[in-house]
file data_16.cif (mmCIF, C-alpha atoms and all ligand atoms)
data_coords
#
loop_
_atom_site.label_atom_id
_atom_site.label_comp_id
_atom_site.auth_asym_id
_atom_site.auth_seq_id
_atom_site.Cartn_x
_atom_site.Cartn_y
_atom_site.Cartn_z
CA MET A 295 -58.99 105.53 -42.67
CA GLN A 296 -59.33 108.58 -40.46
CA ARG A 297 -58.75 108.42 -36.73
CA GLU A 298 -60.91 111.27 -35.52
CA GLN A 299 -60.75 110.78 -31.78
CA SER A 300 -58.35 108.97 -29.52
CA THR A 301 -60.19 105.85 -28.45
CA LYS A 302 -59.74 103.24 -25.83
CA THR A 303 -59.52 99.72 -27.17
CA SER A 304 -62.91 98.51 -28.35
CA GLU A 305 -64.16 95.08 -27.31
CA PHE A 306 -64.46 94.34 -31.04
CA ASP A 307 -60.75 94.87 -31.71
CA ARG A 308 -59.95 91.38 -30.52
CA PHE A 309 -62.58 89.86 -32.81
CA ALA A 310 -61.74 91.91 -35.90
CA GLU A 311 -59.64 89.40 -37.87
CA ASP A 312 -61.95 86.52 -37.02
CA TYR A 313 -65.19 88.47 -37.10
CA THR A 314 -66.69 86.84 -40.16
CA THR A 315 -65.78 83.30 -39.11
CA GLY A 316 -67.08 84.11 -35.59
CA VAL A 317 -70.46 85.10 -36.99
CA ASP A 318 -70.46 82.12 -39.32
CA ARG A 319 -69.72 79.46 -36.70
CA PRO A 320 -73.13 79.20 -34.95
CA LEU A 321 -74.89 80.17 -38.17
CA LYS A 322 -73.23 77.40 -40.17
CA ARG A 323 -74.07 74.89 -37.47
CA LEU A 324 -77.68 75.94 -37.66
CA LEU A 325 -78.23 76.85 -41.29
CA GLY A 326 -75.15 75.82 -43.24
CA LYS A 327 -74.61 79.26 -44.79
CA SER A 328 -72.52 82.36 -44.29
CA ALA A 329 -73.52 85.53 -42.42
CA SER A 330 -72.86 87.57 -45.58
CA SER A 331 -76.19 86.52 -47.00
CA PHE A 332 -77.97 88.25 -44.10
CA ILE A 333 -76.07 91.49 -44.65
CA GLN A 334 -76.78 91.21 -48.36
CA VAL A 335 -80.54 91.06 -47.65
CA LYS A 336 -80.30 94.23 -45.52
CA ALA A 337 -78.38 96.05 -48.27
CA LEU A 338 -81.07 95.04 -50.79
CA TYR A 339 -83.78 96.19 -48.35
CA LEU A 340 -82.10 99.60 -48.14
CA MET A 341 -81.68 99.89 -51.92
CA ASP A 342 -85.37 99.06 -52.34
CA HIS A 343 -86.31 101.60 -49.64
CA LEU A 344 -84.26 104.27 -51.44
CA LYS A 345 -85.92 103.50 -54.74
CA ARG A 346 -89.27 104.21 -53.11
CA GLN A 347 -87.98 107.37 -51.42
CA ALA A 348 -87.50 109.56 -54.46
CA LYS A 349 -86.88 112.59 -52.27
CA LEU A 350 -83.88 111.05 -50.56
CA LYS A 351 -82.59 109.69 -53.84
CA GLY A 352 -82.56 113.03 -55.54
CA ARG A 353 -81.56 115.28 -52.68
CA THR A 354 -78.12 116.05 -54.00
CA ASP A 355 -76.61 115.75 -57.44
CA GLY A 356 -74.25 113.03 -56.32
CA GLY A 357 -76.95 110.99 -54.59
CA PRO A 358 -77.41 110.64 -50.85
CA HIS A 359 -74.53 110.97 -48.43
CA LEU A 360 -74.64 107.92 -46.17
CA LEU A 361 -72.89 107.17 -42.89
CA ASP A 362 -72.91 103.57 -41.64
CA PHE A 363 -72.63 103.97 -37.88
CA GLY A 364 -70.82 100.99 -36.31
CA CYS A 365 -69.89 99.71 -39.78
CA GLY A 366 -67.60 96.97 -38.39
CA THR A 367 -65.79 95.14 -41.18
CA GLY A 368 -67.65 97.19 -43.81
CA GLU A 369 -69.66 94.40 -45.39
CA PHE A 370 -72.90 96.40 -45.50
CA LEU A 371 -71.13 99.32 -47.20
CA TRP A 372 -69.46 96.89 -49.60
CA PHE A 373 -72.78 95.36 -50.65
CA LEU A 374 -74.31 98.83 -51.15
CA ASP A 375 -71.35 99.63 -53.38
CA GLN A 376 -71.89 96.38 -55.33
CA TYR A 377 -75.59 97.18 -55.77
CA GLY A 378 -74.80 100.53 -57.35
CA PHE A 379 -75.53 102.91 -54.46
CA SER A 380 -75.38 106.26 -56.20
CA GLY A 381 -74.20 108.51 -53.38
CA GLN A 382 -71.23 108.92 -51.09
CA LEU A 383 -70.49 106.19 -48.54
CA GLU A 384 -68.78 106.70 -45.17
CA GLY A 385 -68.44 104.47 -42.16
CA CYS A 386 -67.46 104.85 -38.54
CA ASP A 387 -66.75 102.43 -35.74
CA MET A 388 -65.17 102.39 -32.29
CA SER A 389 -62.93 99.49 -33.29
CA ALA A 390 -59.84 100.39 -35.32
CA GLY A 391 -59.31 96.63 -35.87
CA MET A 392 -62.74 96.18 -37.49
CA LEU A 393 -62.14 99.26 -39.69
CA ALA A 394 -58.76 97.90 -40.80
CA GLU A 395 -60.58 94.77 -42.00
CA ALA A 396 -63.17 96.97 -43.71
CA ALA A 397 -60.56 99.06 -45.52
CA GLY A 398 -59.07 95.84 -46.96
CA ARG A 399 -62.21 95.23 -49.02
CA TRP A 400 -61.48 98.11 -51.38
CA SER A 401 -58.45 99.44 -53.19
CA GLU A 402 -57.03 102.51 -51.46
CA THR A 403 -58.57 104.95 -53.93
CA GLU A 404 -62.04 103.40 -53.89
CA ALA A 405 -62.54 102.83 -50.16
CA PRO A 406 -65.25 104.82 -48.41
CA VAL A 407 -63.93 107.23 -45.79
CA LEU A 408 -63.78 105.26 -42.55
CA HIS A 409 -63.55 107.01 -39.18
CA VAL A 410 -62.49 105.62 -35.85
CA THR A 411 -64.85 107.24 -33.38
CA GLY A 412 -65.17 107.32 -29.63
CA GLU A 413 -68.07 107.62 -27.23
CA GLY A 414 -70.05 110.85 -26.99
CA ARG A 415 -69.97 113.57 -29.62
CA LEU A 416 -69.19 112.24 -33.08
CA PRO A 417 -66.59 114.08 -35.20
CA PHE A 418 -68.96 115.33 -37.91
CA ALA A 419 -70.64 118.69 -38.42
CA SER A 420 -74.37 118.93 -37.78
CA ALA A 421 -76.58 118.16 -40.81
CA SER A 422 -73.80 116.32 -42.67
CA PHE A 423 -75.70 113.24 -43.89
CA ASP A 424 -78.86 112.34 -45.81
CA LEU A 425 -78.94 108.84 -44.46
CA ILE A 426 -77.46 107.09 -41.43
CA THR A 427 -77.62 103.34 -40.98
CA ALA A 428 -76.80 101.19 -37.96
CA SER A 429 -76.83 97.45 -38.46
CA CYS A 430 -76.65 95.25 -35.36
CA VAL A 431 -74.98 98.03 -33.35
CA TYR A 432 -77.60 99.06 -30.79
CA HIS A 433 -77.57 95.76 -28.93
CA HIS A 434 -73.89 96.45 -28.18
CA ILE A 435 -74.52 99.96 -26.87
CA PRO A 436 -75.10 100.06 -23.09
CA VAL A 437 -78.77 100.76 -22.39
CA ASP A 438 -78.10 104.16 -20.73
CA LYS A 439 -76.03 105.31 -23.75
CA ARG A 440 -78.64 104.50 -26.41
CA ALA A 441 -80.66 107.73 -26.06
CA PRO A 442 -77.61 110.07 -26.30
CA VAL A 443 -76.31 108.11 -29.31
CA THR A 444 -79.70 108.45 -31.05
CA SER A 445 -79.78 112.20 -30.37
CA GLU A 446 -76.27 112.52 -31.74
CA ILE A 447 -77.34 110.76 -34.93
CA PHE A 448 -80.33 113.13 -35.16
CA ARG A 449 -77.86 116.06 -35.02
CA LEU A 450 -75.81 114.63 -37.90
CA LEU A 451 -78.76 114.27 -40.28
CA LYS A 452 -79.92 116.95 -42.70
CA ASP A 453 -83.52 118.06 -42.63
CA GLY A 454 -85.50 115.24 -44.24
CA GLY A 455 -82.67 112.81 -43.56
CA GLN A 456 -83.42 109.29 -42.39
CA PHE A 457 -82.06 106.95 -39.75
CA VAL A 458 -82.35 103.25 -40.64
CA VAL A 459 -81.68 100.76 -37.86
CA PHE A 460 -81.41 97.01 -38.39
CA GLU A 461 -81.49 94.91 -35.25
CA HIS A 462 -81.88 91.35 -34.07
CA ASN A 463 -85.48 90.56 -33.23
CA PRO A 464 -85.64 89.18 -29.68
CA TYR A 465 -89.01 87.54 -30.47
CA ASN A 466 -87.34 85.17 -32.93
CA PRO A 467 -86.08 82.01 -31.15
CA LEU A 468 -83.37 81.26 -33.75
CA THR A 469 -82.00 84.76 -33.40
CA ARG A 470 -81.80 84.30 -29.62
CA TRP A 471 -80.10 80.91 -30.14
CA MET A 472 -77.45 82.46 -32.38
CA VAL A 473 -76.82 85.46 -30.15
CA ALA A 474 -76.39 83.17 -27.14
CA ARG A 475 -73.62 81.33 -29.04
CA SER A 476 -71.73 84.24 -30.61
CA PRO A 477 -68.47 84.94 -28.79
CA PHE A 478 -68.78 88.70 -29.30
CA ASP A 479 -72.39 88.86 -28.10
CA VAL A 480 -71.62 88.08 -24.47
CA ASN A 481 -72.39 91.69 -23.47
CA ALA A 482 -75.21 92.11 -25.98
CA GLU A 483 -78.64 93.23 -24.82
CA LEU A 484 -81.28 92.82 -27.49
CA LEU A 485 -84.02 95.40 -27.95
CA THR A 486 -87.43 95.09 -29.57
CA ALA A 487 -88.52 97.14 -32.59
CA ARG A 488 -90.91 98.99 -30.29
CA VAL A 489 -88.08 100.04 -27.96
CA MET A 490 -85.98 101.15 -30.95
CA ALA A 491 -88.91 103.16 -32.36
CA ASP A 492 -89.41 104.79 -28.93
CA LEU A 493 -85.72 105.75 -28.80
CA MET A 494 -86.12 107.45 -32.16
CA THR A 495 -89.28 109.28 -31.11
CA GLU A 496 -87.59 110.49 -27.90
CA ALA A 497 -84.76 111.88 -30.07
CA ASN A 498 -87.39 113.79 -32.12
CA PHE A 499 -87.42 111.55 -35.17
CA GLN A 500 -90.79 111.04 -36.79
CA PRO A 501 -91.54 107.35 -37.33
CA LEU A 502 -91.52 106.30 -40.98
CA LYS A 503 -91.68 102.53 -40.88
CA LYS A 504 -91.03 99.36 -38.96
CA ASP A 505 -90.51 96.14 -40.95
CA TYR A 506 -89.64 92.61 -39.91
CA ILE A 507 -87.16 90.94 -42.25
CA LEU A 508 -85.08 87.76 -42.61
CA PHE A 509 -87.83 85.21 -42.07
CA PHE A 510 -86.13 82.51 -44.10
CA PRO A 511 -82.66 81.02 -43.63
CA PRO A 512 -80.16 81.63 -46.45
CA ARG A 513 -80.57 78.14 -47.91
CA LEU A 514 -84.28 78.92 -48.44
CA GLY A 515 -83.35 82.19 -50.17
CA TRP A 516 -85.81 81.44 -53.00
CA LEU A 517 -88.63 82.14 -50.51
CA ARG A 518 -87.37 85.68 -49.87
CA GLY A 519 -89.88 87.09 -52.34
CA LEU A 520 -92.58 86.29 -49.79
CA GLU A 521 -90.96 88.44 -47.14
CA ARG A 522 -92.51 91.65 -48.35
CA TYR A 523 -95.93 90.23 -47.38
CA LEU A 524 -94.68 89.33 -43.90
CA ARG A 525 -93.09 92.59 -42.84
CA TRP A 526 -95.84 93.25 -40.31
CA LEU A 527 -95.26 89.91 -38.54
CA PRO A 528 -92.98 90.30 -35.49
CA LEU A 529 -91.25 86.95 -36.06
CA GLY A 530 -88.55 87.81 -38.60
CA GLY A 531 -84.94 87.16 -37.58
CA GLN A 532 -84.28 90.91 -37.66
CA TYR A 533 -86.19 94.14 -38.11
CA ALA A 534 -85.69 97.56 -39.69
CA VAL A 535 -86.93 100.72 -37.99
CA VAL A 536 -86.79 103.95 -40.01
CA GLY A 537 -87.17 107.47 -38.60
CA ILE A 538 -87.09 110.80 -40.41
CA LYS A 539 -85.78 114.17 -39.25
CA LYS A 540 -88.40 116.74 -40.19
CA ALA A 541 -87.91 120.50 -40.30
CA ASP A 542 -90.41 120.97 -37.49
CA SER A 543 -88.62 118.46 -35.24
CA ALA A 544 -87.11 120.31 -32.30
CA ALA A 545 -83.37 119.86 -31.84
CA PRO A 546 -82.92 117.42 -28.98
CA VAL A 547 -80.53 117.99 -26.10
CA THR A 548 -77.51 115.87 -27.04
CA GLY A 549 -76.49 115.46 -23.40
CA GLU A 550 -72.79 114.88 -24.02
C1 LIG A 601 -72.08 93.19 -34.41
S1 LIG A 601 -71.00 94.38 -35.09
C2 LIG A 601 -71.93 94.87 -36.53
C3 LIG A 601 -71.03 95.42 -37.59
C4 LIG A 601 -71.75 95.81 -38.88
N1 LIG A 601 -72.64 96.94 -38.68
C5 LIG A 601 -72.48 94.62 -39.49
O1 LIG A 601 -73.72 94.64 -39.60
O2 LIG A 601 -71.79 93.66 -39.88
C6 LIG A 601 -71.22 95.79 -34.02
C7 LIG A 601 -70.25 96.92 -34.33
O3 LIG A 601 -70.69 98.09 -33.65
C8 LIG A 601 -69.57 98.80 -33.18
N2 LIG A 601 -70.01 99.69 -32.11
C9 LIG A 601 -70.60 99.38 -30.94
N3 LIG A 601 -70.89 100.50 -30.24
C10 LIG A 601 -70.49 101.55 -31.01
C11 LIG A 601 -70.53 102.98 -30.85
N4 LIG A 601 -71.04 103.55 -29.77
N5 LIG A 601 -70.01 103.75 -31.84
C12 LIG A 601 -69.49 103.19 -32.95
N6 LIG A 601 -69.42 101.84 -33.15
C13 LIG A 601 -69.93 101.04 -32.19
C14 LIG A 601 -68.61 97.69 -32.74
O4 LIG A 601 -67.27 98.13 -32.64
C15 LIG A 601 -68.83 96.66 -33.85
O5 LIG A 601 -67.93 96.84 -34.93
#
call {"tool": "encode", "arguments": {"input": "data_16.cif", "output": "structure tokens"}}
result
Amino acid sequence: MQREQSTKTSEFDRFAEDYTTGVDRPLKRLLGKSASSFIQVKALYLMDHLKRQAKLKGRTDGGPHLLDFGCGTGEFLWFLDQYGFSGQLEGCDMSAGMLAEAAGRWSETEAPVLHVTGEGRLPFASASFDLITASCVYHHIPVDKRAPVTSEIFRLLKDGGQFVVFEHNPYNPLTRWMVARSPFDVNAELLTARVMADLMTEANFQPLKKDYILFFPPRLGWLRGLERYLRWLPLGGQYAVVGIKKADSAAPVTGE
């Protein structure tokens, strides 16, 4: 794990060891299943998206270079690895505790490079990545910091690179129920897919797609096949918003 910037303690450090059980508690009460199955669905969504995006897939010989921003305990990266993601995986998070948990998933030689990052400018050169993901991170970023973070992510992407954001859908009542009961969501402020898409547009991304996902609880996983017909319906438990950095996109002012 690389510690790129000195950081103050992150609010997630105190949840790191118990993070998975913390997520599972309200979920198990409601649905009787683990949170992993939700992350698994998002990893499969991304793999499917990549399959359809031949350009991204074949951009470099080694496959796309992906950064998972706010990777937490690394479960999303781990599932991508399991599903045969062909490129290079990296993760960053403000919480050294969460990253320590993430690193434990892999043997030392196989672990993706994990960076402890701070607020403001991220410790990567411009145009470093083909793909940047952020899963359930934005609702933890203070509202006034969301635009500078999005611009910073724009800076890190190569021309043609994509930013894929997964977020809780505030229109889904079960999602709101779970968030209200998660110990680490006390400071969370949910945002709609529309607000996320606007943040991307303001940062000069061109909109690529907006899909609602996770309509069915894990124990009804056999219904998941239907989800692709429901992606337009703003009632899924979460959503994915994808933006692309095009050559003619002006470089935004990063602000920090
Ligand atoms: C709810 S967890 C989600 C973790 C992981 N992405 C997942 O889907 O399981 C949110 C994570 O975002 C991280 N985070 C919040 N704001 C961040 C920021 N500005 N930069 C990097 N990480 C951040 C937190 O430390 C925490 O690990």
call {"tool": "residues_near_ligand", "arguments": {"input": "data_16.cif", "ligand": "ligand LIG 601 (chain A)", "cutoff": "9 Å", "atoms": "all atoms listed in the file", "output": "CSV table (one decimal) with C-alpha atoms, in the frame of the given file"}}
result
chain,number,residue,atom,x,y,z
A,304,SER,CA,-62.9,98.5,-28.4
A,305,GLU,CA,-64.2,95.1,-27.3
A,306,PHE,CA,-64.5,94.3,-31.0
A,307,ASP,CA,-60.8,94.9,-31.7
A,310,ALA,CA,-61.7,91.9,-35.9
A,313,TYR,CA,-65.2,88.5,-37.1
A,314,THR,CA,-66.7,86.8,-40.2
A,317,VAL,CA,-70.5,85.1,-37.0
A,329,ALA,CA,-73.5,85.5,-42.4
A,330,SER,CA,-72.9,87.6,-45.6
A,332,PHE,CA,-78.0,88.2,-44.1
A,333,ILE,CA,-76.1,91.5,-44.6
A,336,LYS,CA,-80.3,94.2,-45.5
A,362,ASP,CA,-72.9,103.6,-41.6
A,363,PHE,CA,-72.6,104.0,-37.9
A,364,GLY,CA,-70.8,101.0,-36.3
A,365,CYS,CA,-69.9,99.7,-39.8
A,366,GLY,CA,-67.6,97.0,-38.4
A,367,THR,CA,-65.8,95.1,-41.2
A,368,GLY,CA,-67.6,97.2,-43.8
A,369,GLU,CA,-69.7,94.4,-45.4
A,370,PHE,CA,-72.9,96.4,-45.5
A,371,LEU,CA,-71.1,99.3,-47.2
A,386,CYS,CA,-67.5,104.8,-38.5
A,387,ASP,CA,-66.8,102.4,-35.7
A,388,MET,CA,-65.2,102.4,-32.3
A,389,SER,CA,-62.9,99.5,-33.3
A,390,ALA,CA,-59.8,100.4,-35.3
A,391,GLY,CA,-59.3,96.6,-35.9
A,392,MET,CA,-62.7,96.2,-37.5
A,393,LEU,CA,-62.1,99.3,-39.7
A,410,VAL,CA,-62.5,105.6,-35.8
A,411,THR,CA,-64.8,107.2,-33.4
A,412,GLY,CA,-65.2,107.3,-29.6
A,413,GLU,CA,-68.1,107.6,-27.2
A,414,GLY,CA,-70.0,110.8,-27.0
A,416,LEU,CA,-69.2,112.2,-33.1
A,427,THR,CA,-77.6,103.3,-41.0
A,428,ALA,CA,-76.8,101.2,-38.0
A,429,SER,CA,-76.8,97.4,-38.5
A,430,CYS,CA,-76.6,95.2,-35.4
A,431,VAL,CA,-75.0,98.0,-33.4
A,432,TYR,CA,-77.6,99.1,-30.8
A,433,HIS,CA,-77.6,95.8,-28.9
A,434,HIS,CA,-73.9,96.4,-28.2
A,435,ILE,CA,-74.5,100.0,-26.9
A,436,PRO,CA,-75.1,100.1,-23.1
A,439,LYS,CA,-76.0,105.3,-23.8
A,440,ARG,CA,-78.6,104.5,-26.4
A,443,VAL,CA,-76.3,108.1,-29.3
A,460,PHE,CA,-81.4,97.0,-38.4
A,461,GLU,CA,-81.5,94.9,-35.2
A,478,PHE,CA,-68.8,88.7,-29.3
A,479,ASP,CA,-72.4,88.9,-28.1
call {"tool": "residues_around", "arguments": {"input": "data_16.cif", "residues": "A:Arg522", "least_positions_apart": "6", "cutoff": "10 Å", "atoms": "only C-alpha atoms", "output": "list in words"}}
result
Tyr339, Asp505, Tyr506 and Ile507 of chain A
call {"tool": "closest_residue", "arguments": {"input": "data_16.cif", "among": "A:Leu360, A:Leu493, A:Ala419, A:Ala487", "to": "A:Trp526", "atoms": "only C-alpha atoms"}}
result
A:Ala487
call {"tool": "closest_residue", "arguments": {"input": "data_16.cif", "among": "A:Phe457, A:Trp400, A:Trp372, A:Tyr465", "to": "A:Phe509", "atoms": "all atoms listed in the file"}}
result
A:Tyr465
call {"tool": "closest_residue", "arguments": {"input": "data_16.cif", "among": "A:Ala337, A:Phe423, A:Gln376, A:Met490", "to": "A:Gly357", "atoms": "all atoms listed in the file"}}
result
A:Phe423
call {"tool": "atom_distance", "arguments": {"input": "data_16.cif", "atom1": "atom CA of A:Ser476", "atom2": "atom CA of A:Pro512"}}
result
18.1 Å
call {"tool": "atom_distance", "arguments": {"input": "data_16.cif", "atom1": "atom CA of A:Glu521", "atom2": "atom CA of A:Gly455"}}
result
26.0 Å
call {"tool": "residues_around", "arguments": {"input": "data_16.cif", "residues": "A:Gly454", "least_positions_apart": "5", "cutoff": "8 Å", "atoms": "only C-alpha atoms", "output": "ChimeraX atom specification"}}
result
/A:350,424,538-541
call {"tool": "atom_distance", "arguments": {"input": "data_16.cif", "atom1": "atom CA of A:Gly356", "atom2": "atom CA of A:Ser380"}}
result
6.9 Å
call {"tool": "closest_residue", "arguments": {"input": "data_16.cif", "among": "A:Arg518, A:Gln456, A:Ser401, A:Leu529", "to": "A:Lys503", "atoms": "all atoms listed in the file"}}
result
A:Gln456
call {"tool": "closest_residue", "arguments": {"input": "data_16.cif", "among": "A:Leu517, A:Leu374, A:Leu524, A:Ala348", "to": "A:Gln334", "atoms": "only C-alpha atoms"}}
result
A:Leu374
call {"tool": "closest_residue", "arguments": {"input": "data_16.cif", "among": "A:Leu514, A:Ser331, A:Pro464, A:Gln500", "to": "A:Gly530", "atoms": "all atoms listed in the file"}}
result
A:Pro464
call {"tool": "build_atoms", "arguments": {"input": "data_16.cif", "residues": "stretch 474-494 of chain A", "atoms": "N, CA and C atoms", "output": "compact mmCIF listing (two decimals), in the coordinates of the input"}}
result
# COMPACT_ATOMS: atom_id res chain seq x y z
N ALA A 474 -76.88 83.84 -28.34
CA ALA A 474 -76.39 83.17 -27.14
C ALA A 474 -75.09 82.41 -27.41
N ARG A 475 -74.82 82.10 -28.69
CA ARG A 475 -73.62 81.33 -29.04
C ARG A 475 -72.53 82.13 -29.71
N SER A 476 -72.76 83.42 -29.94
CA SER A 476 -71.73 84.24 -30.61
C SER A 476 -70.75 84.76 -29.57
N PRO A 477 -69.46 84.53 -29.79
CA PRO A 477 -68.47 84.94 -28.79
C PRO A 477 -68.49 86.44 -28.50
N PHE A 478 -68.82 87.25 -29.52
CA PHE A 478 -68.78 88.70 -29.30
C PHE A 478 -70.12 89.26 -28.83
N ASP A 479 -71.08 88.37 -28.57
CA ASP A 479 -72.39 88.86 -28.10
C ASP A 479 -72.56 88.65 -26.60
N VAL A 480 -71.46 88.36 -25.91
CA VAL A 480 -71.62 88.08 -24.47
C VAL A 480 -72.20 89.28 -23.71
N ASN A 481 -71.86 90.49 -24.16
CA ASN A 481 -72.39 91.69 -23.47
C ASN A 481 -73.61 92.28 -24.18
N ALA A 482 -74.11 91.56 -25.18
CA ALA A 482 -75.21 92.11 -25.98
C ALA A 482 -76.52 92.12 -25.20
N GLU A 483 -77.30 93.17 -25.40
CA GLU A 483 -78.64 93.23 -24.82
C GLU A 483 -79.62 93.59 -25.94
N LEU A 484 -80.39 92.59 -26.35
CA LEU A 484 -81.28 92.82 -27.49
C LEU A 484 -82.39 93.80 -27.14
N LEU A 485 -82.91 94.47 -28.16
CA LEU A 485 -84.02 95.40 -27.95
C LEU A 485 -85.09 95.16 -29.00
N THR A 486 -86.33 95.33 -28.62
CA THR A 486 -87.43 95.09 -29.57
C THR A 486 -87.54 96.28 -30.53
N ALA A 487 -88.28 96.06 -31.61
CA ALA A 487 -88.52 97.14 -32.59
C ALA A 487 -89.26 98.29 -31.92
N ARG A 488 -90.14 97.97 -31.00
CA ARG A 488 -90.91 98.99 -30.29
C ARG A 488 -89.97 99.89 -29.48
N VAL A 489 -89.03 99.26 -28.77
CA VAL A 489 -88.08 100.04 -27.96
C VAL A 489 -87.22 100.92 -28.87
N MET A 490 -86.81 100.36 -30.02
CA MET A 490 -85.98 101.15 -30.95
C MET A 490 -86.79 102.33 -31.49
N ALA A 491 -88.06 102.08 -31.83
CA ALA A 491 -88.91 103.16 -32.36
C ALA A 491 -89.10 104.24 -31.28
N ASP A 492 -89.25 103.83 -30.02
CA ASP A 492 -89.41 104.79 -28.93
C ASP A 492 -88.14 105.64 -28.76
N LEU A 493 -86.98 104.98 -28.89
CA LEU A 493 -85.72 105.75 -28.80
C LEU A 493 -85.67 106.83 -29.87
N MET A 494 -86.12 106.46 -31.06
CA MET A 494 -86.12 107.45 -32.16
C MET A 494 -87.09 108.59 -31.86
